[in-house]
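Structure file query_14.pdb; described as PDB, C-alpha atoms and all ligand atoms.
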```
ATOM      1  CA  LYS A 267      97.031 223.685 192.524  1.00  0.00           C
ATOM      2  CA  ARG A 268     100.467 224.874 193.673  1.00  0.00           C
ATOM      3  CA  LEU A 269     100.801 228.656 193.989  1.00  0.00           C
ATOM      4  CA  ALA A 270     103.970 230.719 194.161  1.00  0.00           C
ATOM      5  CA  ILE A 271     103.785 234.319 195.376  1.00  0.00           C
ATOM      6  CA  LEU A 272     106.358 236.859 194.194  1.00  0.00           C
ATOM      7  CA  ALA A 273     106.679 239.879 196.479  1.00  0.00           C
ATOM      8  CA  SER A 274     109.288 242.578 197.064  1.00  0.00           C
ATOM      9  CA  GLY A 275     108.009 244.203 200.205  1.00  0.00           C
ATOM     10  CA  SER A 276     105.796 243.893 203.248  1.00  0.00           C
ATOM     11  CA  GLY A 277     103.629 241.081 201.905  1.00  0.00           C
ATOM     12  CA  SER A 278     100.305 241.871 203.575  1.00  0.00           C
ATOM     13  CA  ASN A 279      98.569 240.489 200.477  1.00  0.00           C
ATOM     14  CA  ALA A 280     100.765 237.389 200.569  1.00  0.00           C
ATOM     15  CA  GLU A 281      99.788 236.835 204.180  1.00  0.00           C
ATOM     16  CA  LYS A 282      96.077 237.054 203.403  1.00  0.00           C
ATOM     17  CA  ILE A 283      96.540 234.548 200.585  1.00  0.00           C
ATOM     18  CA  MET A 284      98.539 232.125 202.769  1.00  0.00           C
ATOM     19  CA  GLU A 285      95.865 232.418 205.443  1.00  0.00           C
ATOM     20  CA  TYR A 286      93.025 231.831 202.967  1.00  0.00           C
ATOM     21  CA  PHE A 287      94.600 228.747 201.387  1.00  0.00           C
ATOM     22  CA  ARG A 288      95.901 227.287 204.655  1.00  0.00           C
ATOM     23  CA  ASN A 289      93.413 224.407 204.656  1.00  0.00           C
ATOM     24  CA  SER A 290      92.059 224.741 201.136  1.00  0.00           C
ATOM     25  CA  PRO A 291      91.485 221.682 198.927  1.00  0.00           C
ATOM     26  CA  LYS A 292      91.823 223.870 195.834  1.00  0.00           C
ATOM     27  CA  GLY A 293      95.178 225.542 196.258  1.00  0.00           C
ATOM     28  CA  LYS A 294      98.323 225.593 198.295  1.00  0.00           C
ATOM     29  CA  VAL A 295     100.891 228.386 198.629  1.00  0.00           C
ATOM     30  CA  ALA A 296     103.974 226.282 197.930  1.00  0.00           C
ATOM     31  CA  LEU A 297     106.561 229.079 197.688  1.00  0.00           C
ATOM     32  CA  ILE A 298     107.170 232.709 198.559  1.00  0.00           C
ATOM     33  CA  ALA A 299     109.883 234.243 196.365  1.00  0.00           C
ATOM     34  CA  SER A 300     111.427 237.662 196.738  1.00  0.00           C
ATOM     35  CA  ASN A 301     114.131 239.757 195.125  1.00  0.00           C
ATOM     36  CA  LYS A 302     114.763 241.390 198.515  1.00  0.00           C
ATOM     37  CA  SER A 303     116.478 239.190 201.117  1.00  0.00           C
ATOM     38  CA  ASP A 304     115.237 241.527 203.864  1.00  0.00           C
ATOM     39  CA  ALA A 305     111.629 241.760 202.651  1.00  0.00           C
ATOM     40  CA  PHE A 306     109.166 241.361 205.524  1.00  0.00           C
ATOM     41  CA  VAL A 307     107.136 238.977 203.348  1.00  0.00           C
ATOM     42  CA  LEU A 308     109.830 236.355 204.107  1.00  0.00           C
ATOM     43  CA  GLU A 309     109.064 236.643 207.834  1.00  0.00           C
ATOM     44  CA  ARG A 310     105.380 236.179 207.078  1.00  0.00           C
ATOM     45  CA  ALA A 311     106.176 233.029 205.088  1.00  0.00           C
ATOM     46  CA  LYS A 312     108.058 231.564 208.063  1.00  0.00           C
ATOM     47  CA  LYS A 313     104.979 232.095 210.242  1.00  0.00           C
ATOM     48  CA  PHE A 314     103.012 229.915 207.815  1.00  0.00           C
ATOM     49  CA  SER A 315     105.896 227.448 207.274  1.00  0.00           C
ATOM     50  CA  VAL A 316     105.877 228.277 203.565  1.00  0.00           C
ATOM     51  CA  PRO A 317     109.242 227.709 201.843  1.00  0.00           C
ATOM     52  CA  THR A 318     110.988 230.862 200.616  1.00  0.00           C
ATOM     53  CA  PHE A 319     113.362 231.627 197.769  1.00  0.00           C
ATOM     54  CA  THR A 320     115.351 234.831 197.320  1.00  0.00           C
ATOM     55  CA  PHE A 321     117.036 235.860 194.101  1.00  0.00           C
ATOM     56  CA  THR A 322     118.760 238.845 192.510  1.00  0.00           C
ATOM     57  CA  LYS A 323     117.501 240.623 189.422  1.00  0.00           C
ATOM     58  CA  LYS A 324     120.365 239.052 187.494  1.00  0.00           C
ATOM     59  CA  GLU A 325     119.549 235.552 188.736  1.00  0.00           C
ATOM     60  CA  MET A 326     115.933 236.104 187.700  1.00  0.00           C
ATOM     61  CA  GLU A 327     117.052 237.201 184.254  1.00  0.00           C
ATOM     62  CA  ASP A 328     119.438 234.218 184.043  1.00  0.00           C
ATOM     63  CA  GLY A 329     116.483 231.888 184.540  1.00  0.00           C
ATOM     64  CA  ASP A 330     117.134 230.802 188.116  1.00  0.00           C
ATOM     65  CA  LEU A 331     113.656 231.842 189.252  1.00  0.00           C
ATOM     66  CA  LEU A 332     111.964 230.024 186.365  1.00  0.00           C
ATOM     67  CA  ARG A 333     113.957 226.865 187.121  1.00  0.00           C
ATOM     68  CA  LYS A 334     112.939 227.087 190.787  1.00  0.00           C
ATOM     69  CA  LEU A 335     109.241 227.490 189.887  1.00  0.00           C
ATOM     70  CA  GLN A 336     109.465 224.519 187.540  1.00  0.00           C
ATOM     71  CA  SER A 337     111.312 222.317 190.057  1.00  0.00           C
ATOM     72  CA  GLU A 338     108.626 223.176 192.638  1.00  0.00           C
ATOM     73  CA  LYS A 339     105.939 222.222 190.079  1.00  0.00           C
ATOM     74  CA  ILE A 340     104.218 225.599 190.483  1.00  0.00           C
ATOM     75  CA  ASP A 341     100.917 225.936 188.595  1.00  0.00           C
ATOM     76  CA  TRP A 342     100.156 229.618 189.208  1.00  0.00           C
ATOM     77  CA  VAL A 343     102.410 232.609 189.854  1.00  0.00           C
ATOM     78  CA  ILE A 344     100.845 235.395 191.934  1.00  0.00           C
ATOM     79  CA  LEU A 345     102.472 238.842 191.893  1.00  0.00           C
ATOM     80  CA  ALA A 346     101.678 240.694 195.100  1.00  0.00           C
ATOM     81  CA  GLY A 347     103.750 243.823 195.289  1.00  0.00           C
ATOM     82  CA  PHE A 348     106.550 242.575 193.080  1.00  0.00           C
ATOM     83  CA  LEU A 349     108.530 245.525 191.785  1.00  0.00           C
ATOM     84  CA  LEU A 350     110.720 244.075 189.047  1.00  0.00           C
ATOM     85  CA  LYS A 351     109.772 243.614 185.402  1.00  0.00           C
ATOM     86  CA  ILE A 352     109.107 239.913 184.814  1.00  0.00           C
ATOM     87  CA  PRO A 353     111.314 238.496 182.044  1.00  0.00           C
ATOM     88  CA  VAL A 354     109.353 237.521 178.930  1.00  0.00           C
ATOM     89  CA  ALA A 355     110.600 233.914 179.204  1.00  0.00           C
ATOM     90  CA  LEU A 356     108.984 233.681 182.638  1.00  0.00           C
ATOM     91  CA  ILE A 357     105.709 235.191 181.410  1.00  0.00           C
ATOM     92  CA  ARG A 358     105.704 232.749 178.485  1.00  0.00           C
ATOM     93  CA  ALA A 359     106.245 229.814 180.850  1.00  0.00           C
ATOM     94  CA  PHE A 360     102.971 230.657 182.647  1.00  0.00           C
ATOM     95  CA  PRO A 361     100.523 231.670 179.884  1.00  0.00           C
ATOM     96  CA  ASP A 362      97.282 232.830 181.526  1.00  0.00           C
ATOM     97  CA  ARG A 363      98.720 231.500 184.776  1.00  0.00           C
ATOM     98  CA  MET A 364     100.384 234.633 186.127  1.00  0.00           C
ATOM     99  CA  VAL A 365      98.226 237.101 188.078  1.00  0.00           C
ATOM    100  CA  ASN A 366      99.007 240.616 189.290  1.00  0.00           C
ATOM    101  CA  ILE A 367      97.200 243.040 191.533  1.00  0.00           C
ATOM    102  CA  HIS A 368      97.388 246.728 190.783  1.00  0.00           C
ATOM    103  CA  PRO A 369      96.289 249.348 193.357  1.00  0.00           C
ATOM    104  CA  ALA A 370      94.240 251.402 190.892  1.00  0.00           C
ATOM    105  CA  LEU A 371      91.457 251.041 188.325  1.00  0.00           C
ATOM    106  CA  LEU A 372      93.371 250.096 185.145  1.00  0.00           C
ATOM    107  CA  PRO A 373      93.716 251.272 182.453  1.00  0.00           C
ATOM    108  CA  ASN A 374      94.053 254.410 184.532  1.00  0.00           C
ATOM    109  CA  TYR A 375      97.283 254.843 186.472  1.00  0.00           C
ATOM    110  CA  GLY A 376      99.021 251.856 184.953  1.00  0.00           C
ATOM    111  CA  GLY A 377     102.542 251.522 183.724  1.00  0.00           C
ATOM    112  CA  LYS A 378     105.988 251.876 185.134  1.00  0.00           C
ATOM    113  CA  GLY A 379     106.613 253.976 188.167  1.00  0.00           C
ATOM    114  CA  MET A 380     103.055 253.693 189.402  1.00  0.00           C
ATOM    115  CA  TYR A 381     103.764 251.806 192.611  1.00  0.00           C
ATOM    116  CA  GLY A 382     103.859 252.459 196.309  1.00  0.00           C
ATOM    117  CA  MET A 383     102.357 255.811 197.258  1.00  0.00           C
ATOM    118  CA  LYS A 384     102.916 257.257 193.772  1.00  0.00           C
ATOM    119  CA  VAL A 385      99.659 255.921 192.378  1.00  0.00           C
ATOM    120  CA  HIS A 386      97.629 257.222 195.350  1.00  0.00           C
ATOM    121  CA  GLU A 387      99.295 260.626 195.103  1.00  0.00           C
ATOM    122  CA  ALA A 388      98.432 260.763 191.396  1.00  0.00           C
ATOM    123  CA  VAL A 389      94.791 259.814 192.037  1.00  0.00           C
ATOM    124  CA  LYS A 390      94.575 262.476 194.754  1.00  0.00           C
ATOM    125  CA  ALA A 391      96.232 265.114 192.575  1.00  0.00           C
ATOM    126  CA  ALA A 392      93.807 264.331 189.746  1.00  0.00           C
ATOM    127  CA  GLY A 393      90.894 264.977 192.091  1.00  0.00           C
ATOM    128  CA  ASP A 394      89.355 261.588 191.331  1.00  0.00           C
ATOM    129  CA  THR A 395      86.289 260.698 193.379  1.00  0.00           C
ATOM    130  CA  GLN A 396      87.026 256.967 193.323  1.00  0.00           C
ATOM    131  CA  THR A 397      89.897 254.518 193.026  1.00  0.00           C
ATOM    132  CA  GLY A 398      90.235 250.791 193.547  1.00  0.00           C
ATOM    133  CA  ILE A 399      92.027 247.577 192.635  1.00  0.00           C
ATOM    134  CA  THR A 400      92.573 245.652 189.450  1.00  0.00           C
ATOM    135  CA  ILE A 401      93.448 241.966 189.346  1.00  0.00           C
ATOM    136  CA  HIS A 402      94.692 240.966 185.922  1.00  0.00           C
ATOM    137  CA  LEU A 403      96.620 238.328 184.017  1.00  0.00           C
ATOM    138  CA  VAL A 404     100.194 239.293 183.189  1.00  0.00           C
ATOM    139  CA  ASN A 405     101.117 239.238 179.538  1.00  0.00           C
ATOM    140  CA  GLU A 406     104.100 240.625 177.702  1.00  0.00           C
ATOM    141  CA  ASN A 407     102.609 244.110 177.894  1.00  0.00           C
ATOM    142  CA  TYR A 408     102.389 243.755 181.663  1.00  0.00           C
ATOM    143  CA  ASP A 409      99.544 245.976 182.895  1.00  0.00           C
ATOM    144  CA  GLU A 410      97.576 245.216 179.722  1.00  0.00           C
ATOM    145  CA  GLY A 411      96.808 241.597 180.520  1.00  0.00           C
ATOM    146  CA  ARG A 412      93.156 240.504 180.648  1.00  0.00           C
ATOM    147  CA  ILE A 413      91.375 242.160 183.591  1.00  0.00           C
ATOM    148  CA  ILE A 414      89.823 239.514 185.834  1.00  0.00           C
ATOM    149  CA  PHE A 415      88.349 241.640 188.632  1.00  0.00           C
ATOM    150  CA  GLN A 416      88.003 245.261 189.733  1.00  0.00           C
ATOM    151  CA  ALA A 417      86.577 246.813 192.887  1.00  0.00           C
ATOM    152  CA  ALA A 418      86.208 250.530 193.597  1.00  0.00           C
ATOM    153  CA  THR A 419      86.097 252.695 196.685  1.00  0.00           C
ATOM    154  CA  PRO A 420      85.116 256.377 196.984  1.00  0.00           C
ATOM    155  CA  ILE A 421      87.713 259.042 197.656  1.00  0.00           C
ATOM    156  CA  LEU A 422      86.645 261.903 199.937  1.00  0.00           C
ATOM    157  CA  PRO A 423      88.110 265.382 199.416  1.00  0.00           C
ATOM    158  CA  GLU A 424      89.784 265.230 202.813  1.00  0.00           C
ATOM    159  CA  ASP A 425      91.423 261.846 202.097  1.00  0.00           C
ATOM    160  CA  SER A 426      95.221 261.930 202.154  1.00  0.00           C
ATOM    161  CA  PRO A 427      97.223 259.590 199.908  1.00  0.00           C
ATOM    162  CA  GLU A 428      97.715 257.431 203.028  1.00  0.00           C
ATOM    163  CA  ASP A 429      93.950 257.294 203.606  1.00  0.00           C
ATOM    164  CA  ILE A 430      93.550 256.239 199.972  1.00  0.00           C
ATOM    165  CA  ALA A 431      96.281 253.594 200.328  1.00  0.00           C
ATOM    166  CA  ASN A 432      94.501 252.179 203.372  1.00  0.00           C
ATOM    167  CA  LYS A 433      91.174 251.959 201.536  1.00  0.00           C
ATOM    168  CA  VAL A 434      92.863 250.232 198.577  1.00  0.00           C
ATOM    169  CA  HIS A 435      94.718 247.777 200.812  1.00  0.00           C
ATOM    170  CA  ALA A 436      91.427 246.879 202.464  1.00  0.00           C
ATOM    171  CA  LEU A 437      89.965 246.025 199.044  1.00  0.00           C
ATOM    172  CA  GLU A 438      93.037 243.953 198.152  1.00  0.00           C
ATOM    173  CA  HIS A 439      92.879 241.945 201.371  1.00  0.00           C
ATOM    174  CA  ARG A 440      89.138 241.459 200.991  1.00  0.00           C
ATOM    175  CA  TYR A 441      89.103 240.236 197.381  1.00  0.00           C
ATOM    176  CA  PHE A 442      92.506 238.970 196.159  1.00  0.00           C
ATOM    177  CA  PRO A 443      92.374 235.510 197.825  1.00  0.00           C
ATOM    178  CA  GLU A 444      88.831 234.798 196.604  1.00  0.00           C
ATOM    179  CA  VAL A 445      89.575 235.963 193.074  1.00  0.00           C
ATOM    180  CA  ILE A 446      92.633 233.687 192.965  1.00  0.00           C
ATOM    181  CA  GLU A 447      90.511 230.773 194.170  1.00  0.00           C
ATOM    182  CA  SER A 448      87.956 231.503 191.440  1.00  0.00           C
ATOM    183  CA  MET A 449      90.703 231.250 188.811  1.00  0.00           C
ATOM    184  CA  ILE A 450      92.784 228.203 189.793  1.00  0.00           C
TER     185      ILE A 450
HETATM  186  C1  LIG A 501      99.818 246.472 197.035  1.00  0.00           C
HETATM  187  O1  LIG A 501      99.262 247.760 197.162  1.00  0.00           O
HETATM  188  C2  LIG A 501      99.661 246.002 195.618  1.00  0.00           C
HETATM  189  O2  LIG A 501      98.521 246.495 194.956  1.00  0.00           O
HETATM  190  C3  LIG A 501     100.886 246.558 194.961  1.00  0.00           C
HETATM  191  O3  LIG A 501     101.914 246.467 195.918  1.00  0.00           O
HETATM  192  C4  LIG A 501     101.318 246.506 197.211  1.00  0.00           C
HETATM  193  C5  LIG A 501     101.790 245.303 197.974  1.00  0.00           C
HETATM  194  O4  LIG A 501     101.468 245.450 199.310  1.00  0.00           O
HETATM  195  N1  LIG A 501     101.200 245.802 193.785  1.00  0.00           N
HETATM  196  P1  LIG A 501     101.867 244.240 200.308  1.00  0.00           P
HETATM  197  O5  LIG A 501     103.370 244.023 200.161  1.00  0.00           O
HETATM  198  O6  LIG A 501     101.066 243.038 199.879  1.00  0.00           O
HETATM  199  O7  LIG A 501     101.479 244.736 201.677  1.00  0.00           O
END
```

Using structure tokens, write down the structure that the file contains.
Ligand code: GRF
Amino acid sequence: KRLAILASGSGSNAEKIMEYFRNSPKGKVALIASNKSDAFVLERAKKFSVPTFTFTKKEMEDGDLLRKLQSEKIDWVILAGFLLKIPVALIRAFPDRMVNIHPALLPNYGGKGMYGMKVHEAVKAAGDTQTGITIHLVNENYDEGRIIFQAATPILPEDSPEDIANKVHALEHRYFPEVIESMI
């Protein structure tokens, strides 16, 4: 199966996925696409000789990204830290074939604006004793797509939002590649 990863930032998840599928018979990361031409994820793609594609929000909304995914014969679209709202036409082109990872235990802390450190600050402020990751299919209601996998980690009172972010990233890197492999 041909995978495309959409990412807007650092791409540590994308790197783990490229690493995991490097010699896999089941899947191949065929494209890394980003809406940020300076996103570090593009450097990571070069290291793995994975083709890249950058686009603007407008180009995405004009269908350029969808046409690129179709011309590359992509089977699955993986969102790994992608910060734009996916156009409905793109979601509809990959029914039950678009996967997102969210750095919290949905349905808690979902929705717009909950990205980056914001979600970890909210979890800390709420005094939660655990947080985690959610891997889910993307449907037209975004964070409400079918949940495929969740993993939790305890939060200690002395944990800072950064400590929480590090624990969540560790869960993402540990599980995201395997969960993708179990789906494709
Ligand atoms: C991850 O925390 C992911 O859950 C969220 O965005 C972050 C991406 O991190 N959607 P990276 O760019 O993969 O390092």

Fill in: Residue with smallest distance to Ala436 (chain A) - pool A:Ile399, A:Ile414, A:Ser448, A:Ile352, counting all atoms listed in the file
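Answer, going by the shortest atom-to-atom distance: A:Ile399.
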
Item to complete: Using CA of Lys323 (chain A) and CA of Ser303 (chain A) as the two end points, give the distance in Å to one decimal.
Response: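 CA of Lys323 (chain A) sits 11.8 Å away from CA of Ser303 (chain A).
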
Please build the interface table for chain A against ligand LIG 501 (chain A) with a cut-off of 10 Å, listing for each qualifying residue the nearest atom pair and the distance in Å to one decimal; count all atoms listed in the file, order rows by chain and increasing number, and write it as a tab-separated table.
```
residue	atom	partner	partner_atom	distance
A:Leu272	CA	A:LIG501	O5	9.8
A:Ala273	CA	A:LIG501	O5	6.5
A:Ser274	CA	A:LIG501	O5	6.8
A:Gly275	CA	A:LIG501	O5	4.6
A:Ser276	CA	A:LIG501	O5	3.9
A:Gly277	CA	A:LIG501	O5	3.4
A:Ser278	CA	A:LIG501	O7	3.6
A:Asn279	CA	A:LIG501	O6	3.6
A:Ala280	CA	A:LIG501	O6	5.7
A:Glu281	CA	A:LIG501	O6	7.7
A:Lys282	CA	A:LIG501	O6	8.6
A:Ile283	CA	A:LIG501	O6	9.6
A:Ala305	CA	A:LIG501	O5	8.9
A:Phe306	CA	A:LIG501	O5	8.3
A:Val307	CA	A:LIG501	O5	7.1
A:Leu345	CA	A:LIG501	N1	7.3
A:Ala346	CA	A:LIG501	N1	5.3
A:Gly347	CA	A:LIG501	O3	3.3
A:Phe348	CA	A:LIG501	N1	6.3
A:Leu349	CA	A:LIG501	N1	7.6
A:Asn366	CA	A:LIG501	N1	7.2
A:Ile367	CA	A:LIG501	O2	5.0
A:His368	CA	A:LIG501	O2	4.3
A:Pro369	CA	A:LIG501	O2	4.0
A:Ala370	CA	A:LIG501	O2	7.7
A:Met380	CA	A:LIG501	N1	9.2
A:Tyr381	CA	A:LIG501	C3	6.4
A:Gly382	CA	A:LIG501	O3	6.3
A:Met383	CA	A:LIG501	O1	8.6
A:Val385	CA	A:LIG501	O1	9.5
A:His386	CA	A:LIG501	O1	9.8
A:Gly398	CA	A:LIG501	O2	9.4
A:Ile399	CA	A:LIG501	O2	7.0
A:Thr400	CA	A:LIG501	O2	8.1
A:Ile401	CA	A:LIG501	O2	8.8
A:Ala431	CA	A:LIG501	O1	7.3
A:Asn432	CA	A:LIG501	O1	9.0
A:Val434	CA	A:LIG501	O1	7.0
A:His435	CA	A:LIG501	O1	5.8
A:Ala436	CA	A:LIG501	O1	9.5
A:Leu437	CA	A:LIG501	O2	9.5
A:Glu438	CA	A:LIG501	O2	6.8
A:His439	CA	A:LIG501	O6	8.4
A:Phe442	CA	A:LIG501	O2	9.7
```

Worksheet item: Using only C-alpha atoms, which of A:Ala392, A:Ile340, A:Ala355, A:Leu372 sits nearest Val295 (chain A)?
Response: A:Ile340

Worksheet item: For the file shown, what are the residues hit by the PyMOL selection byres (((chain A and resi 342) around 10) and not hetatm), laid out as number ranges by chain?
Response: A: 267-271, 293, 295, 335, 339-341, 343-345, 360-365, 446, 449-450

Those selected residues, please, written with C-alpha atoms and delivered as a short mmCIF file (atom, residue, chain, number, x, y, z; two decimals), in the frame of the given file.
```
data_model
loop_
_atom_site.label_atom_id
_atom_site.label_comp_id
_atom_site.auth_asym_id
_atom_site.auth_seq_id
_atom_site.Cartn_x
_atom_site.Cartn_y
_atom_site.Cartn_z
CA LYS A 267 97.03 223.68 192.52
CA ARG A 268 100.47 224.87 193.67
CA LEU A 269 100.80 228.66 193.99
CA ALA A 270 103.97 230.72 194.16
CA ILE A 271 103.78 234.32 195.38
CA GLY A 293 95.18 225.54 196.26
CA VAL A 295 100.89 228.39 198.63
CA LEU A 335 109.24 227.49 189.89
CA LYS A 339 105.94 222.22 190.08
CA ILE A 340 104.22 225.60 190.48
CA ASP A 341 100.92 225.94 188.60
CA VAL A 343 102.41 232.61 189.85
CA ILE A 344 100.84 235.40 191.93
CA LEU A 345 102.47 238.84 191.89
CA PHE A 360 102.97 230.66 182.65
CA PRO A 361 100.52 231.67 179.88
CA ASP A 362 97.28 232.83 181.53
CA ARG A 363 98.72 231.50 184.78
CA MET A 364 100.38 234.63 186.13
CA VAL A 365 98.23 237.10 188.08
CA ILE A 446 92.63 233.69 192.96
CA MET A 449 90.70 231.25 188.81
CA ILE A 450 92.78 228.20 189.79
#
```

Which centre and edge lengths in Å to one decimal define the box along x, y and z that fits every listed atom of region 351-368 of chain A plus 3 Å per side, as JSON?
```
{"center_x": 104.3, "center_y": 238.3, "center_z": 185.0, "size_x": 20.1, "size_y": 22.9, "size_z": 19.0}
```

Discussion item. Expand the PyMOL selection byres (((chain A and resi 407) around 12) and not hetatm) into the explicit residue set it covers here, and present it as a ChimeraX atom specification.
Written reply: /A:351-354,357-358,376-378,402-406,408-412

Practice prompt. Identify all residues satisfying the PyMOL selection byres (((chain A and resi 313) around 12) and not hetatm) in the given file; provide them as a list in words.
Written response: Ala280, Glu281, Met284, Glu285, Arg288, Ile298, Phe306, Val307, Leu308, Glu309, Arg310, Ala311, Lys312, Phe314, Ser315, Val316, Pro317 and Thr318 of chain A

Item to complete: Can you work out which one of A:Gly329, A:Gly379, A:Gly393, A:Pro373 has the shortest atom-to-atom distance to Ile421 (chain A), counting only C-alpha atoms?
Response: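 Comparing A:Gly329, A:Gly379, A:Gly393, A:Pro373 against Ile421 (chain A), the winner is A:Gly393.
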
Worksheet item: Can you tell me how far CA of Thr419 (chain A) sits from CA of Tyr441 (chain A), in Å to one decimal?
Response: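 Rounded to one decimal, the two atoms are 12.8 Å apart.
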
Item to complete: Return the single residue from A:Phe319, A:Asn289, A:Pro423, A:Lys433 that is closest to Lys390 (chain A), with distances computed using all atoms listed in the file.
Response: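 Among the listed residues, A:Pro423 lies closest to Lys390 (chain A).
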
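Using all atoms listed in the file, the shortest contact distance between Glu327 (chain A) and any of A:Phe415, A:Leu356, A:Ile430, A:Lys302 is found at A:Leu356.
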
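For the atom pair formed by CA of Pro291 (chain A) and CA of Ala359 (chain A), the distance is 24.7 Å, given to one decimal.
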
Output file: region 329-345 of chain A, N, CA and C atoms, as a compact mmCIF listing (two decimals), in the first residue's frame:
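Written out: part-v1.txt:
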```
# COMPACT_ATOMS: atom_id res chain seq x y z
N GLY A 329 -7.74 21.93 -4.87
CA GLY A 329 -7.68 20.54 -5.33
C GLY A 329 -6.31 20.07 -5.76
N ASP A 330 -5.31 20.92 -5.63
CA ASP A 330 -3.97 20.52 -6.11
C ASP A 330 -3.43 19.34 -5.31
N LEU A 331 -3.69 19.36 -3.99
CA LEU A 331 -3.18 18.26 -3.16
C LEU A 331 -3.89 16.96 -3.53
N LEU A 332 -5.19 17.02 -3.70
CA LEU A 332 -5.93 15.79 -4.06
C LEU A 332 -5.40 15.24 -5.38
N ARG A 333 -5.19 16.13 -6.35
CA ARG A 333 -4.70 15.66 -7.66
C ARG A 333 -3.31 15.01 -7.51
N LYS A 334 -2.49 15.57 -6.64
CA LYS A 334 -1.15 15.00 -6.43
C LYS A 334 -1.27 13.62 -5.80
N LEU A 335 -2.14 13.47 -4.80
CA LEU A 335 -2.31 12.17 -4.13
C LEU A 335 -2.84 11.13 -5.12
N GLN A 336 -3.73 11.56 -5.99
CA GLN A 336 -4.28 10.63 -6.98
C GLN A 336 -3.23 10.27 -8.04
N SER A 337 -2.45 11.25 -8.46
CA SER A 337 -1.42 10.94 -9.49
C SER A 337 -0.33 10.04 -8.92
N GLU A 338 -0.12 10.14 -7.59
CA GLU A 338 0.88 9.26 -6.94
C GLU A 338 0.26 7.93 -6.53
N LYS A 339 -1.00 7.72 -6.86
CA LYS A 339 -1.71 6.47 -6.54
C LYS A 339 -1.61 6.13 -5.05
N ILE A 340 -1.85 7.15 -4.20
CA ILE A 340 -1.81 6.97 -2.76
C ILE A 340 -3.03 6.20 -2.30
N ASP A 341 -2.81 5.22 -1.41
CA ASP A 341 -3.92 4.42 -0.87
C ASP A 341 -4.40 4.94 0.49
N TRP A 342 -3.45 5.41 1.29
CA TRP A 342 -3.78 5.89 2.64
C TRP A 342 -3.14 7.24 2.89
N VAL A 343 -3.88 8.14 3.52
CA VAL A 343 -3.35 9.45 3.89
C VAL A 343 -3.21 9.49 5.42
N ILE A 344 -1.99 9.76 5.89
CA ILE A 344 -1.71 9.77 7.32
C ILE A 344 -1.48 11.21 7.75
N LEU A 345 -2.26 11.72 8.67
CA LEU A 345 -2.05 13.07 9.20
C LEU A 345 -1.19 12.95 10.46
```
